[in-house]
>>> print(open('input00.pdb').read())   # PDB, C-alpha atoms
ATOM      1  CA  ASP A 167     209.027 202.890 208.026
ATOM      2  CA  ILE A 168     206.030 205.127 207.371
ATOM      3  CA  ASN A 169     208.096 208.331 207.355
ATOM      4  CA  SER A 170     210.293 206.998 204.568
ATOM      5  CA  ILE A 171     207.227 205.909 202.592
ATOM      6  CA  LYS A 172     205.616 209.340 203.033
ATOM      7  CA  GLU A 173     208.806 211.111 201.936
ATOM      8  CA  ASN A 174     209.073 208.924 198.832
ATOM      9  CA  TRP A 175     205.346 208.650 198.038
ATOM     10  CA  ARG A 176     205.593 210.719 194.827
ATOM     11  CA  SER A 177     208.440 208.579 193.442
ATOM     12  CA  ILE A 178     206.592 205.423 194.513
ATOM     13  CA  LEU A 179     203.535 206.643 192.591
ATOM     14  CA  ASN A 180     205.731 207.291 189.561
ATOM     15  CA  ALA A 181     206.876 203.657 189.731
ATOM     16  CA  VAL A 182     203.248 202.542 189.988
ATOM     17  CA  GLY A 183     202.466 204.614 186.904
ATOM     18  CA  ALA A 184     205.373 203.121 184.982
ATOM     19  CA  GLU A 185     204.142 199.586 185.661
ATOM     20  CA  LEU A 186     200.366 199.950 185.933
ATOM     21  CA  GLY A 187     199.566 203.097 183.990
ATOM     22  CA  ASN A 188     198.564 206.658 184.743
ATOM     23  CA  GLY A 189     195.004 205.689 185.685
ATOM     24  CA  THR A 190     196.173 203.790 188.745
ATOM     25  CA  THR A 191     198.622 206.544 189.628
ATOM     26  CA  SER A 192     195.841 209.102 189.430
ATOM     27  CA  LEU A 193     193.628 207.031 191.711
ATOM     28  CA  LEU A 194     196.380 206.673 194.307
ATOM     29  CA  SER A 195     197.474 210.310 194.085
ATOM     30  CA  SER A 196     194.263 211.258 195.860
ATOM     31  CA  ALA A 197     195.375 209.158 198.841
ATOM     32  CA  GLU A 198     198.232 209.186 201.297
ATOM     33  CA  PRO A 199     200.108 206.557 203.254
ATOM     34  CA  THR A 200     199.142 206.873 206.913
ATOM     35  CA  GLY A 201     200.512 203.765 208.591
ATOM     36  CA  PHE A 202     202.886 200.848 208.176
ATOM     37  CA  GLU A 203     202.764 198.152 210.811
ATOM     38  CA  ASP A 204     203.447 194.396 210.677
ATOM     39  CA  GLY A 205     203.815 194.534 206.903
ATOM     40  CA  VAL A 206     200.464 196.273 206.356
ATOM     41  CA  LEU A 207     200.570 199.640 204.598
ATOM     42  CA  THR A 208     197.504 201.763 205.320
ATOM     43  CA  VAL A 209     196.587 204.092 202.462
ATOM     44  CA  THR A 210     193.931 206.649 203.344
ATOM     45  CA  PHE A 211     191.480 208.316 200.968
ATOM     46  CA  ALA A 212     189.154 211.221 201.760
ATOM     47  CA  ALA A 213     185.493 210.215 201.828
ATOM     48  CA  SER A 214     184.938 212.314 198.692
ATOM     49  CA  ASN A 215     187.337 209.934 196.913
ATOM     50  CA  ARG A 216     185.556 206.781 198.015
ATOM     51  CA  ALA A 217     185.182 205.748 194.371
ATOM     52  CA  ALA A 218     188.977 205.844 193.921
ATOM     53  CA  LYS A 219     189.347 203.661 197.006
ATOM     54  CA  GLN A 220     186.823 201.157 195.682
ATOM     55  CA  ILE A 221     188.488 200.970 192.279
ATOM     56  CA  CYS A 222     191.902 200.405 193.893
ATOM     57  CA  ALA A 223     190.411 197.740 196.176
ATOM     58  CA  SER A 224     188.960 195.741 193.284
ATOM     59  CA  GLN A 225     190.786 192.664 192.076
ATOM     60  CA  PRO A 226     193.011 192.256 190.182
ATOM     61  CA  ARG A 227     194.035 195.931 190.521
ATOM     62  CA  ARG A 228     194.626 195.611 194.271
ATOM     63  CA  GLY A 229     197.018 192.704 193.793
ATOM     64  CA  ARG A 230     198.925 194.561 191.109
ATOM     65  CA  ILE A 231     199.218 197.642 193.333
ATOM     66  CA  GLU A 232     200.483 195.503 196.218
ATOM     67  CA  ALA A 233     203.074 193.866 193.950
ATOM     68  CA  VAL A 234     204.479 197.202 192.758
ATOM     69  CA  LEU A 235     204.385 198.784 196.213
ATOM     70  CA  GLY A 236     206.149 195.693 197.580
ATOM     71  CA  LYS A 237     209.128 196.483 195.359
ATOM     72  CA  HIS A 238     209.464 199.903 196.997
ATOM     73  CA  CYS A 239     208.337 199.235 200.574
ATOM     74  CA  LYS A 240     210.491 196.579 202.213
ATOM     75  CA  GLY A 241     208.504 194.126 204.291
ATOM     76  CA  LEU A 242     205.145 194.953 202.675
ATOM     77  CA  LYS A 243     202.706 192.040 202.910
ATOM     78  CA  ARG A 244     199.488 193.799 201.941
ATOM     79  CA  ILE A 245     197.786 197.164 201.706
ATOM     80  CA  GLU A 246     194.774 198.345 203.633
ATOM     81  CA  LEU A 247     192.670 200.965 201.876
ATOM     82  CA  VAL A 248     190.524 203.171 204.103
ATOM     83  CA  ALA A 249     188.343 206.244 203.652
ATOM     84  CA  VAL A 250     188.027 208.952 206.284
ATOM     85  CA  ALA A 251     185.568 211.804 206.680
ATOM     86  CA  ASP A 252     186.394 214.930 204.715
ATOM     87  CA  LYS A 253     187.648 217.936 206.594
ATOM     88  CA  HIS A 254     185.099 220.200 204.900
ATOM     89  CA  PRO A 255     181.690 218.425 204.857
ATOM     90  CA  GLU A 256     179.929 221.653 203.825
ATOM     91  CA  ALA A 257     181.366 221.063 200.354
ATOM     92  CA  PHE A 258     178.780 218.306 199.969
ATOM     93  CA  ALA A 259     175.743 220.444 200.727
ATOM     94  CA  GLN A 260     172.654 219.781 198.653
ATOM     95  CA  THR A 261     172.770 221.275 195.187
ATOM     96  CA  ASP A 262     170.191 223.599 193.705
ATOM     97  CA  HIS A 263     168.031 221.460 191.415
ATOM     98  CA  THR A 264     166.917 224.480 189.362
ATOM     99  CA  GLN A 265     170.227 224.675 187.503
ATOM    100  CA  THR A 266     170.347 224.671 183.722
ATOM    101  CA  ASN A 267     171.369 221.492 181.947
ATOM    102  CA  GLY A 268     174.745 222.958 180.918
ATOM    103  CA  ARG A 269     175.560 224.019 184.444
ATOM    104  CA  LYS A 270     174.404 220.669 185.803
ATOM    105  CA  GLY A 271     176.619 218.899 183.251
ATOM    106  CA  THR A 272     179.610 220.964 184.330
ATOM    107  CA  GLU A 273     178.850 220.126 187.958
ATOM    108  CA  ILE A 274     178.691 216.427 187.148
ATOM    109  CA  LEU A 275     182.003 216.546 185.276
ATOM    110  CA  SER A 276     183.702 218.326 188.178
ATOM    111  CA  ASP A 277     182.520 215.768 190.758
ATOM    112  CA  PRO A 278     185.577 213.953 192.222
ATOM    113  CA  ALA A 279     183.839 210.576 192.070
ATOM    114  CA  VAL A 280     182.984 211.013 188.381
ATOM    115  CA  LYS A 281     186.545 212.107 187.614
ATOM    116  CA  THR A 282     187.896 209.092 189.483
ATOM    117  CA  VAL A 283     185.718 206.634 187.583
ATOM    118  CA  LEU A 284     186.599 208.224 184.248
ATOM    119  CA  ILE A 285     190.322 208.064 185.007
ATOM    120  CA  GLY A 286     190.110 204.552 186.433
ATOM    121  CA  LEU A 287     188.325 203.267 183.349
ATOM    122  CA  ASP A 288     190.309 205.470 180.951
ATOM    123  CA  ALA A 289     186.933 206.678 179.653
ATOM    124  CA  LYS A 290     185.356 209.873 178.428
ATOM    125  CA  ILE A 291     181.801 211.162 178.624
ATOM    126  CA  THR A 292     179.946 211.178 175.332
ATOM    127  CA  GLY A 293     176.619 212.412 176.656
ATOM    128  CA  ILE A 294     174.656 213.259 179.776
ATOM    129  CA  GLU A 295     170.999 212.354 180.132
ATOM    130  CA  GLN A 296     168.606 213.139 182.941
ATOM    131  CA  ASN A 297     166.200 210.419 184.026
ATOM    132  CA  ARG A 298     162.804 211.587 185.158
TER     133      ARG A 298
END
>>> encode(input="input00.pdb", output="structure tokens")
Amino acid sequence: DINSIKENWRSILNAVGAELGNGTTSLLSSAEPTGFEDGVLTVTFAASNRAAKQICASQPRRGRIEAVLGKHCKGLKRIELVAVADKHPEAFAQTDHTQTNGRKGTEILSDPAVKTVLIGLDAKITGIEQNR
């Protein structure tokens, strides 16, 4: 049941990491299981982690995640990945476009979506350019 999945979510993620790598674990660690009905596990991401949701939903990653989760969640047929509105929308207020390049670069690197993509692709930033 969902309560058991929630209680064991951290150990389930560790199993995912062991089989699929830390990138997938990192993507899923920003989400939480919110429902389990008729064999469908609902995993919910905050809207600010929409990129993580999209990466997890892409094939073949989604199928691999379902296979590993199926080993730990009896009766699992598939997963449903959803994004919900963030609790603090003011965190996404418009940024001041008069920032220096260094500060803007730091802001870009701290963006949850950028972090998610970097982790999901096991990549690192080698440069930041501004298009005009």
>>> closest_residue(input="input00.pdb", among="A:Ala218, A:Phe211, A:Lys237, A:Phe202", to="A:Val280", atoms="only C-alpha atoms")
A:Ala218
>>> atom_distance(input="input00.pdb", atom1="atom CA of A:Gly205", atom2="atom CA of A:Ser192")
24.1 Å
>>> residues_near_point(input="input00.pdb", point="(201.4, 203.7, 207.0)", cutoff="10 Å", atoms="all atoms listed in the file", output="PyMOL selection string")
chain A and resi 167-172+198-203+205-210+245-246
>>> atom_distance(input="input00.pdb", atom1="atom CA of A:Arg244", atom2="atom CA of A:Gly187")
20.2 Å
>>> atom_distance(input="input00.pdb", atom1="atom CA of A:Gln225", atom2="atom CA of A:Thr282")
16.9 Å
>>> resolve_selection(input="input00.pdb", expression="the PyMOL selection byres ((chain A and resi 241) around 9)", output="ChimeraX atom specification")
/A:204-206,236,239-240,242-243
>>> closest_residue(input="input00.pdb", among="A:Glu185, A:Ile178, A:Asp277, A:Val283", to="A:Cys222", atoms="all atoms listed in the file")
A:Val283
>>> closest_residue(input="input00.pdb", among="A:Ile274, A:Ala279, A:Ala184, A:Leu179", to="A:Gln220", atoms="only C-alpha atoms")
A:Ala279
>>> resolve_selection(input="input00.pdb", expression="the PyMOL selection byres ((chain A and resi 190) around 12)", output="MDAnalysis selection string")
chainID A and resid 179:189 191:197 218:224 227:228 230:232 234 282:288
>>> write_last_selection(input="input00.pdb", atoms="C-alpha atoms", output="mmCIF file, keeping the file's coordinate frame")
data_model
loop_
_atom_site.group_PDB
_atom_site.id
_atom_site.type_symbol
_atom_site.label_atom_id
_atom_site.label_comp_id
_atom_site.auth_asym_id
_atom_site.auth_seq_id
_atom_site.Cartn_x
_atom_site.Cartn_y
_atom_site.Cartn_z
ATOM 1 C CA LEU A 179 203.535 206.643 192.591
ATOM 2 C CA ASN A 180 205.731 207.291 189.561
ATOM 3 C CA ALA A 181 206.876 203.657 189.731
ATOM 4 C CA VAL A 182 203.248 202.542 189.988
ATOM 5 C CA GLY A 183 202.466 204.614 186.904
ATOM 6 C CA ALA A 184 205.373 203.121 184.982
ATOM 7 C CA GLU A 185 204.142 199.586 185.661
ATOM 8 C CA LEU A 186 200.366 199.950 185.933
ATOM 9 C CA GLY A 187 199.566 203.097 183.990
ATOM 10 C CA ASN A 188 198.564 206.658 184.743
ATOM 11 C CA GLY A 189 195.004 205.689 185.685
ATOM 12 C CA THR A 191 198.622 206.544 189.628
ATOM 13 C CA SER A 192 195.841 209.102 189.430
ATOM 14 C CA LEU A 193 193.628 207.031 191.711
ATOM 15 C CA LEU A 194 196.380 206.673 194.307
ATOM 16 C CA SER A 195 197.474 210.310 194.085
ATOM 17 C CA SER A 196 194.263 211.258 195.860
ATOM 18 C CA ALA A 197 195.375 209.158 198.841
ATOM 19 C CA ALA A 218 188.977 205.844 193.921
ATOM 20 C CA LYS A 219 189.347 203.661 197.006
ATOM 21 C CA GLN A 220 186.823 201.157 195.682
ATOM 22 C CA ILE A 221 188.488 200.970 192.279
ATOM 23 C CA CYS A 222 191.902 200.405 193.893
ATOM 24 C CA ALA A 223 190.411 197.740 196.176
ATOM 25 C CA SER A 224 188.960 195.741 193.284
ATOM 26 C CA ARG A 227 194.035 195.931 190.521
ATOM 27 C CA ARG A 228 194.626 195.611 194.271
ATOM 28 C CA ARG A 230 198.925 194.561 191.109
ATOM 29 C CA ILE A 231 199.218 197.642 193.333
ATOM 30 C CA GLU A 232 200.483 195.503 196.218
ATOM 31 C CA VAL A 234 204.479 197.202 192.758
ATOM 32 C CA THR A 282 187.896 209.092 189.483
ATOM 33 C CA VAL A 283 185.718 206.634 187.583
ATOM 34 C CA LEU A 284 186.599 208.224 184.248
ATOM 35 C CA ILE A 285 190.322 208.064 185.007
ATOM 36 C CA GLY A 286 190.110 204.552 186.433
ATOM 37 C CA LEU A 287 188.325 203.267 183.349
ATOM 38 C CA ASP A 288 190.309 205.470 180.951
#
>>> closest_residue(input="input00.pdb", among="A:Ala251, A:Trp175, A:Lys281, A:Ala233", to="A:Ala217", atoms="only C-alpha atoms")
A:Lys281
>>> build_atoms(input="input00.pdb", residues="stretch 210-243 of chain A", atoms="N, CA and C atoms", output="PDB file, in the frame of the given file")
ATOM      1  N   THR A 210     195.174 205.992 202.969  1.00  0.00           N
ATOM      2  CA  THR A 210     193.931 206.649 203.344  1.00  0.00           C
ATOM      3  C   THR A 210     193.445 207.595 202.250  1.00  0.00           C
ATOM      4  N   PHE A 211     192.161 207.465 201.939  1.00  0.00           N
ATOM      5  CA  PHE A 211     191.480 208.316 200.968  1.00  0.00           C
ATOM      6  C   PHE A 211     190.486 209.189 201.719  1.00  0.00           C
ATOM      7  N   ALA A 212     190.231 210.391 201.227  1.00  0.00           N
ATOM      8  CA  ALA A 212     189.154 211.221 201.760  1.00  0.00           C
ATOM      9  C   ALA A 212     187.829 210.575 201.356  1.00  0.00           C
ATOM     10  N   ALA A 213     186.804 210.803 202.137  1.00  0.00           N
ATOM     11  CA  ALA A 213     185.493 210.215 201.828  1.00  0.00           C
ATOM     12  C   ALA A 213     185.004 210.642 200.448  1.00  0.00           C
ATOM     13  N   SER A 214     185.360 211.842 200.014  1.00  0.00           N
ATOM     14  CA  SER A 214     184.938 212.314 198.692  1.00  0.00           C
ATOM     15  C   SER A 214     185.614 211.517 197.575  1.00  0.00           C
ATOM     16  N   ASN A 215     186.651 210.778 197.888  1.00  0.00           N
ATOM     17  CA  ASN A 215     187.337 209.934 196.913  1.00  0.00           C
ATOM     18  C   ASN A 215     187.073 208.451 197.164  1.00  0.00           C
ATOM     19  N   ARG A 216     185.925 208.167 197.721  1.00  0.00           N
ATOM     20  CA  ARG A 216     185.556 206.781 198.015  1.00  0.00           C
ATOM     21  C   ARG A 216     185.560 205.923 196.744  1.00  0.00           C
ATOM     22  N   ALA A 217     185.184 206.509 195.626  1.00  0.00           N
ATOM     23  CA  ALA A 217     185.182 205.748 194.371  1.00  0.00           C
ATOM     24  C   ALA A 217     186.594 205.321 193.998  1.00  0.00           C
ATOM     25  N   ALA A 218     187.585 206.194 194.201  1.00  0.00           N
ATOM     26  CA  ALA A 218     188.977 205.844 193.921  1.00  0.00           C
ATOM     27  C   ALA A 218     189.401 204.683 194.811  1.00  0.00           C
ATOM     28  N   LYS A 219     189.014 204.740 196.067  1.00  0.00           N
ATOM     29  CA  LYS A 219     189.347 203.661 197.006  1.00  0.00           C
ATOM     30  C   LYS A 219     188.747 202.341 196.526  1.00  0.00           C
ATOM     31  N   GLN A 220     187.493 202.376 196.110  1.00  0.00           N
ATOM     32  CA  GLN A 220     186.823 201.157 195.682  1.00  0.00           C
ATOM     33  C   GLN A 220     187.453 200.575 194.416  1.00  0.00           C
ATOM     34  N   ILE A 221     187.851 201.446 193.504  1.00  0.00           N
ATOM     35  CA  ILE A 221     188.488 200.970 192.279  1.00  0.00           C
ATOM     36  C   ILE A 221     189.836 200.327 192.613  1.00  0.00           C
ATOM     37  N   CYS A 222     190.598 200.963 193.493  1.00  0.00           N
ATOM     38  CA  CYS A 222     191.902 200.405 193.893  1.00  0.00           C
ATOM     39  C   CYS A 222     191.738 199.088 194.652  1.00  0.00           C
ATOM     40  N   ALA A 223     190.639 198.942 195.380  1.00  0.00           N
ATOM     41  CA  ALA A 223     190.411 197.740 196.176  1.00  0.00           C
ATOM     42  C   ALA A 223     189.930 196.560 195.332  1.00  0.00           C
ATOM     43  N   SER A 224     189.480 196.827 194.116  1.00  0.00           N
ATOM     44  CA  SER A 224     188.960 195.741 193.284  1.00  0.00           C
ATOM     45  C   SER A 224     190.103 194.862 192.774  1.00  0.00           C
ATOM     46  N   GLN A 225     189.796 193.594 192.622  1.00  0.00           N
ATOM     47  CA  GLN A 225     190.786 192.664 192.076  1.00  0.00           C
ATOM     48  C   GLN A 225     190.633 192.643 190.571  1.00  0.00           C
ATOM     49  N   PRO A 226     191.633 192.547 189.804  1.00  0.00           N
ATOM     50  CA  PRO A 226     193.011 192.256 190.182  1.00  0.00           C
ATOM     51  C   PRO A 226     193.861 193.508 190.455  1.00  0.00           C
ATOM     52  N   ARG A 227     193.261 194.702 190.352  1.00  0.00           N
ATOM     53  CA  ARG A 227     194.035 195.931 190.521  1.00  0.00           C
ATOM     54  C   ARG A 227     194.736 195.978 191.880  1.00  0.00           C
ATOM     55  N   ARG A 228     194.036 195.574 192.924  1.00  0.00           N
ATOM     56  CA  ARG A 228     194.626 195.611 194.271  1.00  0.00           C
ATOM     57  C   ARG A 228     195.905 194.768 194.339  1.00  0.00           C
ATOM     58  N   GLY A 229     195.849 193.575 193.794  1.00  0.00           N
ATOM     59  CA  GLY A 229     197.018 192.704 193.793  1.00  0.00           C
ATOM     60  C   GLY A 229     198.179 193.291 193.014  1.00  0.00           C
ATOM     61  N   ARG A 230     197.874 193.933 191.914  1.00  0.00           N
ATOM     62  CA  ARG A 230     198.925 194.561 191.109  1.00  0.00           C
ATOM     63  C   ARG A 230     199.556 195.731 191.864  1.00  0.00           C
ATOM     64  N   ILE A 231     198.711 196.518 192.536  1.00  0.00           N
ATOM     65  CA  ILE A 231     199.218 197.642 193.333  1.00  0.00           C
ATOM     66  C   ILE A 231     200.117 197.124 194.446  1.00  0.00           C
ATOM     67  N   GLU A 232     199.672 196.087 195.133  1.00  0.00           N
ATOM     68  CA  GLU A 232     200.483 195.503 196.218  1.00  0.00           C
ATOM     69  C   GLU A 232     201.831 195.008 195.691  1.00  0.00           C
ATOM     70  N   ALA A 233     201.829 194.397 194.514  1.00  0.00           N
ATOM     71  CA  ALA A 233     203.074 193.866 193.950  1.00  0.00           C
ATOM     72  C   ALA A 233     204.063 194.994 193.661  1.00  0.00           C
ATOM     73  N   VAL A 234     203.584 196.086 193.071  1.00  0.00           N
ATOM     74  CA  VAL A 234     204.479 197.202 192.758  1.00  0.00           C
ATOM     75  C   VAL A 234     204.933 197.891 194.036  1.00  0.00           C
ATOM     76  N   LEU A 235     204.009 198.136 194.955  1.00  0.00           N
ATOM     77  CA  LEU A 235     204.385 198.784 196.213  1.00  0.00           C
ATOM     78  C   LEU A 235     205.377 197.921 196.996  1.00  0.00           C
ATOM     79  N   GLY A 236     205.240 196.603 196.892  1.00  0.00           N
ATOM     80  CA  GLY A 236     206.149 195.693 197.580  1.00  0.00           C
ATOM     81  C   GLY A 236     207.594 195.830 197.124  1.00  0.00           C
ATOM     82  N   LYS A 237     207.777 196.259 195.879  1.00  0.00           N
ATOM     83  CA  LYS A 237     209.128 196.483 195.359  1.00  0.00           C
ATOM     84  C   LYS A 237     209.779 197.706 195.991  1.00  0.00           C
ATOM     85  N   HIS A 238     208.957 198.627 196.487  1.00  0.00           N
ATOM     86  CA  HIS A 238     209.464 199.903 196.997  1.00  0.00           C
ATOM     87  C   HIS A 238     209.298 200.067 198.499  1.00  0.00           C
ATOM     88  N   CYS A 239     208.563 199.174 199.120  1.00  0.00           N
ATOM     89  CA  CYS A 239     208.337 199.235 200.574  1.00  0.00           C
ATOM     90  C   CYS A 239     208.760 197.889 201.160  1.00  0.00           C
ATOM     91  N   LYS A 240     209.959 197.835 201.680  1.00  0.00           N
ATOM     92  CA  LYS A 240     210.491 196.579 202.213  1.00  0.00           C
ATOM     93  C   LYS A 240     209.598 196.049 203.332  1.00  0.00           C
ATOM     94  N   GLY A 241     209.301 194.765 203.261  1.00  0.00           N
ATOM     95  CA  GLY A 241     208.504 194.126 204.291  1.00  0.00           C
ATOM     96  C   GLY A 241     207.004 194.228 204.065  1.00  0.00           C
ATOM     97  N   LEU A 242     206.576 194.815 202.944  1.00  0.00           N
ATOM     98  CA  LEU A 242     205.145 194.953 202.675  1.00  0.00           C
ATOM     99  C   LEU A 242     204.526 193.593 202.392  1.00  0.00           C
ATOM    100  N   LYS A 243     203.460 193.274 203.124  1.00  0.00           N
ATOM    101  CA  LYS A 243     202.706 192.040 202.910  1.00  0.00           C
ATOM    102  C   LYS A 243     201.397 192.320 202.191  1.00  0.00           C
TER     103      LYS A 243
END
